[in-house]
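File shown here: query_26.tsv, holding TSV, C-alpha atoms.
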```tsv
chain	number	residue	atom	x	y	z
A	14	MET	CA	-43.83	16.88	-23.91
A	15	SER	CA	-42.72	14.95	-20.80
A	16	PRO	CA	-43.78	16.10	-17.31
A	17	ALA	CA	-40.12	16.79	-16.46
A	18	ARG	CA	-39.79	19.06	-19.50
A	19	ALA	CA	-43.05	20.84	-18.71
A	20	SER	CA	-42.06	21.45	-15.12
A	21	ARG	CA	-39.04	23.41	-16.25
A	22	ARG	CA	-41.29	26.01	-17.82
A	23	THR	CA	-42.59	26.99	-14.40
A	24	VAL	CA	-39.96	28.90	-12.46
A	25	LEU	CA	-40.53	28.51	-8.76
A	26	THR	CA	-38.76	31.58	-7.49
A	27	SER	CA	-40.35	34.96	-6.92
A	28	ALA	CA	-37.69	36.62	-9.03
A	29	ALA	CA	-38.44	34.44	-12.05
A	30	VAL	CA	-42.20	34.90	-11.83
A	31	VAL	CA	-41.82	38.27	-13.55
A	32	VAL	CA	-40.22	36.73	-16.61
A	33	THR	CA	-42.45	37.51	-19.55
A	34	GLY	CA	-45.04	35.18	-20.95
A	35	ALA	CA	-42.93	34.99	-24.07
A	36	LEU	CA	-40.27	33.12	-22.12
A	37	LEU	CA	-42.77	30.51	-20.98
A	38	LEU	CA	-44.16	30.09	-24.47
A	39	THR	CA	-40.76	29.66	-26.06
A	40	GLY	CA	-39.97	26.92	-23.56
A	41	CYS	CA	-41.86	24.59	-25.91
A	42	GLY	CA	-40.30	26.00	-29.07
A	43	ASP	CA	-37.34	24.81	-31.07
A	44	ASP	CA	-34.84	27.56	-30.26
A	45	GLY	CA	-31.77	25.88	-28.86
A	46	GLY	CA	-32.69	23.02	-26.62
A	47	GLY	CA	-36.38	22.34	-26.15
A	48	ALA	CA	-37.16	20.66	-29.46
A	49	GLY	CA	-35.49	20.08	-32.76
A	50	ALA	CA	-36.70	20.19	-36.35
A	51	GLY	CA	-40.27	19.04	-36.75
A	52	GLY	CA	-41.08	19.72	-33.10
A	53	LYS	CA	-39.48	16.54	-31.76
A	54	GLU	CA	-37.78	16.51	-28.37
A	55	ALA	CA	-34.01	16.93	-28.52
A	56	ASP	CA	-31.97	13.81	-27.75
A	57	THR	CA	-31.04	13.43	-24.10
A	58	ARG	CA	-28.69	11.30	-22.07
A	59	GLN	CA	-28.47	10.55	-18.37
A	60	VAL	CA	-25.54	11.47	-16.13
A	61	THR	CA	-24.96	10.98	-12.41
A	62	ASP	CA	-23.80	14.14	-10.71
A	63	ALA	CA	-21.56	14.61	-7.67
A	64	THR	CA	-24.49	14.38	-5.28
A	65	GLY	CA	-25.67	11.06	-6.72
A	66	ARG	CA	-28.61	12.58	-8.62
A	67	GLU	CA	-29.42	11.10	-12.02
A	68	VAL	CA	-30.04	13.98	-14.42
A	69	ASP	CA	-31.35	13.87	-17.98
A	70	VAL	CA	-29.24	16.33	-19.97
A	71	PRO	CA	-29.18	17.33	-23.64
A	72	ALA	CA	-26.91	15.16	-25.75
A	73	ASP	CA	-25.70	18.33	-27.48
A	74	PRO	CA	-26.29	21.29	-25.12
A	75	ARG	CA	-26.37	24.65	-26.90
A	76	LYS	CA	-27.26	27.14	-24.17
A	77	VAL	CA	-25.19	26.35	-21.10
A	78	VAL	CA	-25.05	28.40	-17.91
A	79	THR	CA	-22.10	27.88	-15.55
A	80	LEU	CA	-22.67	29.06	-12.00
A	81	SER	CA	-19.20	28.44	-10.53
A	82	GLU	CA	-15.64	29.35	-11.44
A	83	PRO	CA	-14.51	25.74	-12.09
A	84	THR	CA	-17.46	24.90	-14.36
A	85	LEU	CA	-16.90	28.07	-16.41
A	86	ASP	CA	-13.19	27.29	-16.71
A	87	ALA	CA	-13.91	23.69	-17.69
A	88	ALA	CA	-16.56	24.57	-20.28
A	89	LEU	CA	-14.27	27.09	-21.96
A	90	ALA	CA	-11.39	24.61	-21.97
A	91	LEU	CA	-13.68	22.21	-23.83
A	92	GLY	CA	-14.65	24.82	-26.40
A	93	VAL	CA	-18.09	25.54	-24.96
A	94	GLU	CA	-18.86	29.23	-24.46
A	95	PRO	CA	-21.67	29.55	-21.93
A	96	VAL	CA	-24.51	32.00	-22.44
A	97	GLY	CA	-24.47	32.75	-18.72
A	98	ALA	CA	-21.78	32.58	-16.07
A	99	THR	CA	-20.71	33.58	-12.58
A	100	ALA	CA	-18.57	36.57	-11.72
A	101	GLY	CA	-15.06	35.88	-10.49
A	102	ARG	CA	-14.31	36.30	-6.81
A	103	GLY	CA	-14.05	39.99	-6.01
A	104	GLN	CA	-14.80	40.94	-9.63
A	105	LYS	CA	-17.80	42.32	-11.49
A	106	GLY	CA	-17.22	40.23	-14.58
A	107	VAL	CA	-15.93	36.71	-15.07
A	108	SER	CA	-12.46	35.94	-13.72
A	109	THR	CA	-10.07	38.09	-15.70
A	110	TYR	CA	-8.01	35.15	-16.92
A	111	LEU	CA	-11.16	33.87	-18.68
A	112	ALA	CA	-12.48	37.19	-19.98
A	113	ASP	CA	-11.13	36.85	-23.51
A	114	LYS	CA	-12.78	33.44	-23.91
A	115	ALA	CA	-16.10	34.22	-22.22
A	116	GLY	CA	-16.84	37.62	-23.71
A	117	LYS	CA	-20.38	36.71	-24.75
A	118	ALA	CA	-21.43	35.20	-21.45
A	119	GLN	CA	-23.86	37.25	-19.39
A	120	VAL	CA	-23.01	37.38	-15.70
A	121	VAL	CA	-26.03	36.00	-13.83
A	122	ALA	CA	-24.45	35.03	-10.51
A	123	THR	CA	-21.73	35.56	-7.95
A	124	VAL	CA	-20.21	32.92	-5.70
A	125	ALA	CA	-22.83	33.96	-3.14
A	126	GLU	CA	-26.06	33.96	-5.17
A	127	ALA	CA	-27.68	33.70	-8.57
A	128	ASP	CA	-30.07	36.16	-10.20
A	129	MET	CA	-32.86	33.71	-11.05
A	130	GLU	CA	-34.72	36.18	-13.24
A	131	LYS	CA	-31.71	36.91	-15.46
A	132	LEU	CA	-30.81	33.24	-15.54
A	133	ALA	CA	-34.29	32.14	-16.62
A	134	ALA	CA	-34.44	34.82	-19.31
A	135	LEU	CA	-31.45	33.16	-21.02
A	136	GLN	CA	-33.57	30.01	-21.55
A	137	PRO	CA	-30.67	27.63	-20.88
A	138	ASP	CA	-30.82	23.96	-21.75
A	139	LEU	CA	-28.21	22.98	-19.14
A	140	ILE	CA	-27.00	24.49	-15.85
A	141	LEU	CA	-23.67	23.51	-14.29
A	142	LEU	CA	-22.36	24.35	-10.83
A	143	ASP	CA	-20.41	22.82	-7.95
A	144	GLU	CA	-20.07	23.24	-4.21
A	145	THR	CA	-17.56	26.10	-4.45
A	146	THR	CA	-20.61	28.37	-4.76
A	147	ALA	CA	-23.38	29.06	-2.26
A	148	VAL	CA	-25.83	28.63	-5.14
A	149	LYS	CA	-25.50	24.88	-4.51
A	150	GLY	CA	-28.42	25.28	-2.08
A	151	GLU	CA	-30.73	26.39	-4.91
A	152	VAL	CA	-30.61	23.25	-7.05
A	153	SER	CA	-34.36	22.59	-6.80
A	154	LYS	CA	-35.09	26.11	-8.07
A	155	LEU	CA	-32.51	25.79	-10.82
A	156	GLU	CA	-34.05	22.48	-11.90
A	157	SER	CA	-37.31	24.30	-12.59
A	158	ILE	CA	-35.44	26.30	-15.25
A	159	ALA	CA	-33.26	23.63	-16.89
A	160	PRO	CA	-31.49	20.33	-16.16
A	161	THR	CA	-28.96	21.06	-13.42
A	162	VAL	CA	-25.77	19.11	-12.74
A	163	VAL	CA	-23.64	19.52	-9.60
A	164	THR	CA	-20.21	18.60	-10.91
A	165	ALA	CA	-18.16	18.40	-7.71
A	166	LYS	CA	-18.29	18.35	-3.94
A	167	LEU	CA	-16.37	20.99	-1.99
A	168	ASN	CA	-12.60	20.33	-1.98
A	169	GLU	CA	-12.94	17.83	-4.82
A	170	ASP	CA	-9.92	16.87	-6.89
A	171	TRP	CA	-9.93	19.35	-9.78
A	172	LYS	CA	-9.35	16.69	-12.42
A	173	LYS	CA	-12.32	14.65	-11.22
A	174	ALA	CA	-14.47	17.80	-11.21
A	175	PHE	CA	-13.33	18.60	-14.75
A	176	THR	CA	-14.16	15.09	-15.94
A	177	THR	CA	-17.65	15.28	-14.44
A	178	THR	CA	-18.25	18.63	-16.13
A	179	ALA	CA	-17.02	17.18	-19.42
A	180	ASP	CA	-19.39	14.24	-19.02
A	181	ALA	CA	-22.34	16.59	-18.55
A	182	LEU	CA	-21.30	18.38	-21.75
A	183	ASN	CA	-20.79	15.05	-23.57
A	184	ARG	CA	-17.10	15.87	-24.12
A	185	LYS	CA	-15.23	13.34	-22.00
A	186	ALA	CA	-12.90	12.37	-24.85
A	187	GLU	CA	-11.77	15.98	-25.24
A	188	ALA	CA	-11.22	16.24	-21.47
A	189	GLU	CA	-9.06	13.13	-21.46
A	190	LYS	CA	-6.83	14.62	-24.16
A	191	ILE	CA	-6.46	17.85	-22.18
A	192	LEU	CA	-5.52	15.98	-19.01
A	193	THR	CA	-3.09	13.69	-20.82
A	194	GLY	CA	-1.29	16.68	-22.30
A	195	PHE	CA	-1.25	18.47	-18.96
A	196	ASP	CA	0.21	15.45	-17.15
A	197	ALA	CA	2.91	15.10	-19.79
A	198	ASP	CA	3.92	18.73	-19.30
A	199	VAL	CA	3.96	18.28	-15.51
A	200	THR	CA	6.38	15.37	-15.96
A	201	ALA	CA	8.61	17.48	-18.22
A	202	THR	CA	8.67	20.40	-15.78
A	203	LYS	CA	9.40	18.14	-12.81
A	204	ALA	CA	12.35	16.66	-14.67
A	205	GLY	CA	13.71	20.15	-15.31
A	206	LEU	CA	13.50	21.59	-11.79
A	207	GLY	CA	17.18	20.97	-11.07
A	208	ASP	CA	18.20	22.66	-7.81
A	209	ASN	CA	14.55	23.60	-7.22
A	210	ALA	CA	13.44	19.97	-6.98
A	211	GLY	CA	11.51	19.57	-3.73
A	212	ALA	CA	11.57	23.31	-3.03
A	213	VAL	CA	9.16	24.79	-0.50
A	214	VAL	CA	6.60	26.88	-2.38
A	215	SER	CA	4.22	29.33	-0.72
A	216	VAL	CA	1.12	30.78	-2.41
A	217	ILE	CA	-0.60	33.87	-1.08
A	218	ARG	CA	-3.16	36.46	-2.06
A	219	TRP	CA	-2.51	40.01	-0.85
A	220	GLN	CA	-5.68	41.87	-0.03
A	221	ASN	CA	-6.56	44.71	2.34
A	222	LYS	CA	-2.87	45.21	3.15
A	223	ALA	CA	-2.37	41.66	4.42
A	224	PRO	CA	-1.89	38.16	2.98
A	225	SER	CA	-4.10	35.11	2.86
A	226	ALA	CA	-2.77	31.62	2.20
A	227	VAL	CA	-4.42	29.89	-0.75
A	228	GLY	CA	-4.04	26.78	-2.86
A	229	ARG	CA	-4.21	24.07	-0.22
A	230	GLY	CA	-5.58	20.60	-0.86
A	231	VAL	CA	-6.27	19.05	-4.27
A	232	GLY	CA	-7.46	22.11	-6.13
A	233	HIS	CA	-5.69	23.20	-9.30
A	234	VAL	CA	-2.87	24.91	-7.36
A	235	GLY	CA	-2.22	22.40	-4.59
A	236	ALA	CA	-2.51	19.34	-6.83
A	237	THR	CA	-0.19	20.81	-9.46
A	238	LEU	CA	2.50	21.71	-6.94
A	239	THR	CA	2.24	18.25	-5.39
A	240	ALA	CA	2.50	16.57	-8.78
A	241	LEU	CA	5.69	18.55	-9.38
A	242	GLY	CA	7.18	17.19	-6.16
A	243	LEU	CA	7.24	20.62	-4.55
A	244	GLN	CA	6.65	21.13	-0.83
A	245	ARG	CA	4.46	23.65	1.00
A	246	PRO	CA	5.05	25.64	4.21
A	247	LYS	CA	3.67	23.84	7.25
A	248	ASP	CA	0.59	26.08	7.49
A	249	GLN	CA	-0.27	25.45	3.81
A	250	GLN	CA	-0.29	21.67	4.05
A	251	GLY	CA	-3.40	19.52	4.11
A	252	VAL	CA	-6.89	20.67	3.18
A	253	GLY	CA	-7.87	24.22	4.11
A	254	THR	CA	-10.96	25.22	6.05
A	255	GLY	CA	-12.03	27.61	3.30
A	256	HIS	CA	-11.00	29.11	0.00
A	257	SER	CA	-8.36	31.27	1.71
A	258	GLU	CA	-6.99	31.70	5.21
A	259	PRO	CA	-5.92	35.16	6.44
A	260	VAL	CA	-2.44	35.55	7.92
A	261	SER	CA	-1.64	38.36	10.34
A	262	LEU	CA	1.30	40.66	9.61
A	263	GLU	CA	2.88	39.49	12.87
A	264	LYS	CA	3.03	35.91	11.53
A	265	LEU	CA	4.37	36.50	8.04
A	266	SER	CA	7.13	33.97	8.69
A	267	THR	CA	4.49	31.25	8.27
A	268	ILE	CA	4.12	32.11	4.58
A	269	ASP	CA	7.84	31.98	3.84
A	270	GLY	CA	9.45	29.41	1.58
A	271	ASP	CA	12.12	28.93	-1.03
A	272	TRP	CA	9.68	30.54	-3.47
A	273	LEU	CA	6.62	32.68	-2.93
A	274	PHE	CA	3.94	33.07	-5.61
A	275	PHE	CA	2.19	36.36	-4.95
A	276	GLY	CA	-1.07	37.66	-6.40
A	277	THR	CA	-4.41	39.36	-5.83
A	278	LEU	CA	-7.87	38.50	-7.15
A	279	GLY	CA	-7.24	40.42	-10.34
A	280	GLU	CA	-4.69	40.84	-13.09
A	281	LYS	CA	-0.91	40.60	-12.77
A	282	ALA	CA	-0.76	44.41	-12.82
A	283	ASP	CA	-2.88	44.43	-9.65
A	284	GLY	CA	-0.43	42.00	-8.13
A	285	GLU	CA	2.49	44.26	-8.97
A	286	LYS	CA	0.82	47.13	-7.11
A	287	ALA	CA	0.10	44.90	-4.14
A	288	TYR	CA	3.68	43.64	-4.12
A	289	ALA	CA	4.98	47.20	-3.95
A	290	GLU	CA	2.74	47.68	-0.92
A	291	ALA	CA	3.89	44.44	0.71
A	292	ALA	CA	7.55	45.32	0.17
A	293	LYS	CA	7.09	48.23	2.58
A	294	VAL	CA	6.07	45.91	5.42
A	295	PRO	CA	9.11	45.19	7.66
A	296	ASN	CA	8.22	41.55	8.31
A	297	PHE	CA	7.77	40.95	4.60
A	298	THR	CA	11.25	42.23	3.77
A	299	ARG	CA	12.68	39.66	6.20
A	300	LEU	CA	11.22	36.72	4.30
A	301	LYS	CA	13.79	34.38	2.75
A	302	ALA	CA	11.93	34.37	-0.56
A	303	GLU	CA	11.96	38.17	-0.68
A	304	GLN	CA	15.62	38.47	0.23
A	305	GLU	CA	16.64	35.94	-2.41
A	306	GLY	CA	14.53	37.49	-5.14
A	307	HIS	CA	12.21	34.50	-5.25
A	308	VAL	CA	8.87	36.31	-5.05
A	309	VAL	CA	6.94	35.70	-8.27
A	310	VAL	CA	4.01	38.00	-9.02
A	311	VAL	CA	1.31	36.05	-10.84
A	312	GLN	CA	-2.06	36.52	-12.50
A	313	GLY	CA	-4.02	36.20	-9.31
A	314	SER	CA	-7.41	35.56	-10.86
A	315	ALA	CA	-6.06	32.22	-12.12
A	316	TRP	CA	-4.06	31.25	-9.03
A	317	ASN	CA	-6.53	32.47	-6.43
A	318	SER	CA	-9.84	31.40	-7.93
A	319	ALA	CA	-11.47	28.00	-7.60
A	320	GLY	CA	-10.26	27.12	-11.08
A	321	GLY	CA	-10.09	24.28	-13.56
A	322	PRO	CA	-7.83	23.16	-16.42
A	323	LEU	CA	-7.21	26.65	-17.83
A	324	ALA	CA	-6.18	27.98	-14.42
A	325	ALA	CA	-4.07	24.88	-13.79
A	326	ARG	CA	-2.26	25.48	-17.08
A	327	ILE	CA	-1.40	29.04	-16.01
A	328	VAL	CA	-0.11	27.76	-12.66
A	329	LEU	CA	2.04	25.14	-14.39
A	330	ASP	CA	3.40	27.65	-16.90
A	331	ASP	CA	4.27	30.15	-14.16
A	332	VAL	CA	6.06	27.53	-12.08
A	333	THR	CA	7.91	26.21	-15.12
A	334	LYS	CA	9.13	29.68	-16.05
A	335	ALA	CA	10.24	30.52	-12.51
A	336	LEU	CA	11.72	27.23	-11.31
A	337	ALA	CA	12.61	25.19	-14.39
A	338	SER	CA	13.97	27.77	-16.80
```
Written form, structure tokens:
Amino acid sequence: MSPARASRRTVLTSAAVVVTGALLLTGCGDDGGGAGAGGKEADTRQVTDATGREVDVPADPRKVVTLSEPTLDAALALGVEPVGATAGRGQKGVSTYLADKAGKAQVVATVAEADMEKLAALQPDLILLDETTAVKGEVSKLESIAPTVVTAKLNEDWKKAFTTTADALNRKAEAEKILTGFDADVTATKAGLGDNAGAVVSVIRWQNKAPSAVGRGVGHVGATLTALGLQRPKDQQGVGTGHSEPVSLEKLSTIDGDWLFFGTLGEKADGEKAYAEAAKVPNFTRLKAEQEGHVVVVQGSAWNSAGGPLAARIVLDDVTKALAS
């Protein structure tokens, strides 16, 4: 066994020290990643992650843990169901738009931290994350459990992040097919926008009785709207300073547009309840989008997460239905 492989049996965090001796012993077994038939080491390949680190990863990973929303989304899009995953923002389980595909994944992290003990107990053979999670500062600890790949820097183009995740999973060909199909559908929707071509589109999350602007930059929302030739309100242009930016009720005019996509962090039903609340706010009723019936309540967990190809598909489908039908 190589020194790198052996080092992964020793978890360097205090939380993981309490993992049973059985876990450490099985690290040299043949149960899903350490060794194959006959006790030989599983085949590995080397990838370069978003931080420039060269990481030896399994050629055919079987027990993947995804510690960010985009890496979970990407893995599921590629047909890989992780054994461990992160909770969606503001949710106890995975993002609701992914729940039906990730039902077997154990939640071992939030966007703020990972439970190293639970993570180690899963005996993963590959860990994926990106800089949308604070866990990015724990890479050295994660490496002591399994090969760890940082797939994207903060505010990275979502397609590039998806491709890097696919590379780590040895599924780049599948990712290329997904992106080719997505781009073709973007072209078709753009051609069918008609009077909505070049429309100003606002995207907000309603929470705690007030909105936050989301979807700026080259994430799955901003990039998709840009590819469709749609515009954004002035305060939603460029790259944001964070995942979302609160807007005071006195400045609701800054979120107005020809169309307003409205959601929460949860399901569409949660968005409907929030919309009923927003509709009682005087400044909200004065918005052009509201007066013209152009407020579209969406599945917020897909629009308002740091998503990947599955979330981008939902965004594209929602825009197509609202603006190109």
Using only C-alpha atoms, what table do you get, as JSON lines, when you list each residue of segment 306-334 of chain A with an atom no more than 7 Å from segment 278-297 of chain A, its nearest pair of atoms, and their distance in Å rounded to one decimal, rows by chain then rising number?
```
{"residue": "A:Val310", "atom": "CA", "partner": "A:Gly284", "partner_atom": "CA", "distance": 6.0}
{"residue": "A:Val311", "atom": "CA", "partner": "A:Lys281", "partner_atom": "CA", "distance": 5.4}
{"residue": "A:Gln312", "atom": "CA", "partner": "A:Lys281", "partner_atom": "CA", "distance": 4.2}
{"residue": "A:Gly313", "atom": "CA", "partner": "A:Leu278", "partner_atom": "CA", "distance": 5.0}
{"residue": "A:Ser314", "atom": "CA", "partner": "A:Leu278", "partner_atom": "CA", "distance": 4.8}
{"residue": "A:Asn317", "atom": "CA", "partner": "A:Leu278", "partner_atom": "CA", "distance": 6.2}
```
Q) Which is closer to Phe274 of chain A than all the others in A:Glu305, A:Asp138, A:Asp331, A:Asp56, using only C-alpha atoms? A) A:Asp331
Give as a PDB file with C-alpha atoms, in the coordinates of the input the set of residues within 9 Å of the point (5.8, 31.9, -6.6), where distances use the file's coordinates and all atoms listed in the file.
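The result, written out as out.pdb:
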```
ATOM      1  CA  VAL A 214       6.600  26.880  -2.380  1.00  0.00           C
ATOM      2  CA  SER A 215       4.220  29.330  -0.720  1.00  0.00           C
ATOM      3  CA  VAL A 216       1.120  30.780  -2.410  1.00  0.00           C
ATOM      4  CA  ILE A 217      -0.600  33.870  -1.080  1.00  0.00           C
ATOM      5  CA  ASP A 271      12.120  28.930  -1.030  1.00  0.00           C
ATOM      6  CA  TRP A 272       9.680  30.540  -3.470  1.00  0.00           C
ATOM      7  CA  LEU A 273       6.620  32.680  -2.930  1.00  0.00           C
ATOM      8  CA  PHE A 274       3.940  33.070  -5.610  1.00  0.00           C
ATOM      9  CA  PHE A 275       2.190  36.360  -4.950  1.00  0.00           C
ATOM     10  CA  GLY A 276      -1.070  37.660  -6.400  1.00  0.00           C
ATOM     11  CA  ALA A 302      11.930  34.370  -0.560  1.00  0.00           C
ATOM     12  CA  HIS A 307      12.210  34.500  -5.250  1.00  0.00           C
ATOM     13  CA  VAL A 308       8.870  36.310  -5.050  1.00  0.00           C
ATOM     14  CA  VAL A 309       6.940  35.700  -8.270  1.00  0.00           C
ATOM     15  CA  VAL A 310       4.010  38.000  -9.020  1.00  0.00           C
ATOM     16  CA  VAL A 311       1.310  36.050 -10.840  1.00  0.00           C
ATOM     17  CA  ASP A 331       4.270  30.150 -14.160  1.00  0.00           C
ATOM     18  CA  VAL A 332       6.060  27.530 -12.080  1.00  0.00           C
ATOM     19  CA  ALA A 335      10.240  30.520 -12.510  1.00  0.00           C
ATOM     20  CA  LEU A 336      11.720  27.230 -11.310  1.00  0.00           C
TER      21      LEU A 336
END
```
**Q.** Nearest-residue call for Ala197 of chain A, choices A:Leu85, A:Arg326, A:Gln59, A:Arg299, using all atoms listed in the file
**A.**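 Using all atoms listed in the file, Ala197 of chain A sits closest to A:Arg326.
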Q: Compile the contact shell of segment 106-123 of chain A as a list of chain:residue names: residues with an atom at most 7 Å away, counting all atoms listed in the file, same-chain residues fewer than 4 positions apart removed.
A: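 Using all atoms listed in the file, the neighbours found are A:Leu80, A:Leu89, A:Glu94, A:Pro95, A:Val96, A:Gly97, A:Ala98, A:Thr99, A:Ala100, A:Gly101, A:Ala127, A:Asp128, A:Lys131, A:Leu132, A:Gly279, A:Glu280, A:Ser314, A:Ala315.
Atom pair atom CA of Gly103 of chain A / atom CA of Val227 of chain A has a distance of 14.9 Å (rounded to one decimal).
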Q | Long-range neighbours of Ala325 of chain A as a PyMOL selection string, 12 Å cut-off, only C-alpha atoms, 5 positions minimum in chain | A | chain A and resi 83+86-87+90+110+171-172+175+191-192+195-196+198-199+228+231-238+240+312+314-320+330-332
**Q.** Minimum-distance residue to Val213 of chain A, chosen among A:Lys301, A:Lys76, A:Lys105, A:Arg184 (using only C-alpha atoms)
**A.**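 Going through A:Lys301, A:Lys76, A:Lys105, A:Arg184 one by one, the smallest distance to Val213 of chain A is for A:Lys301.
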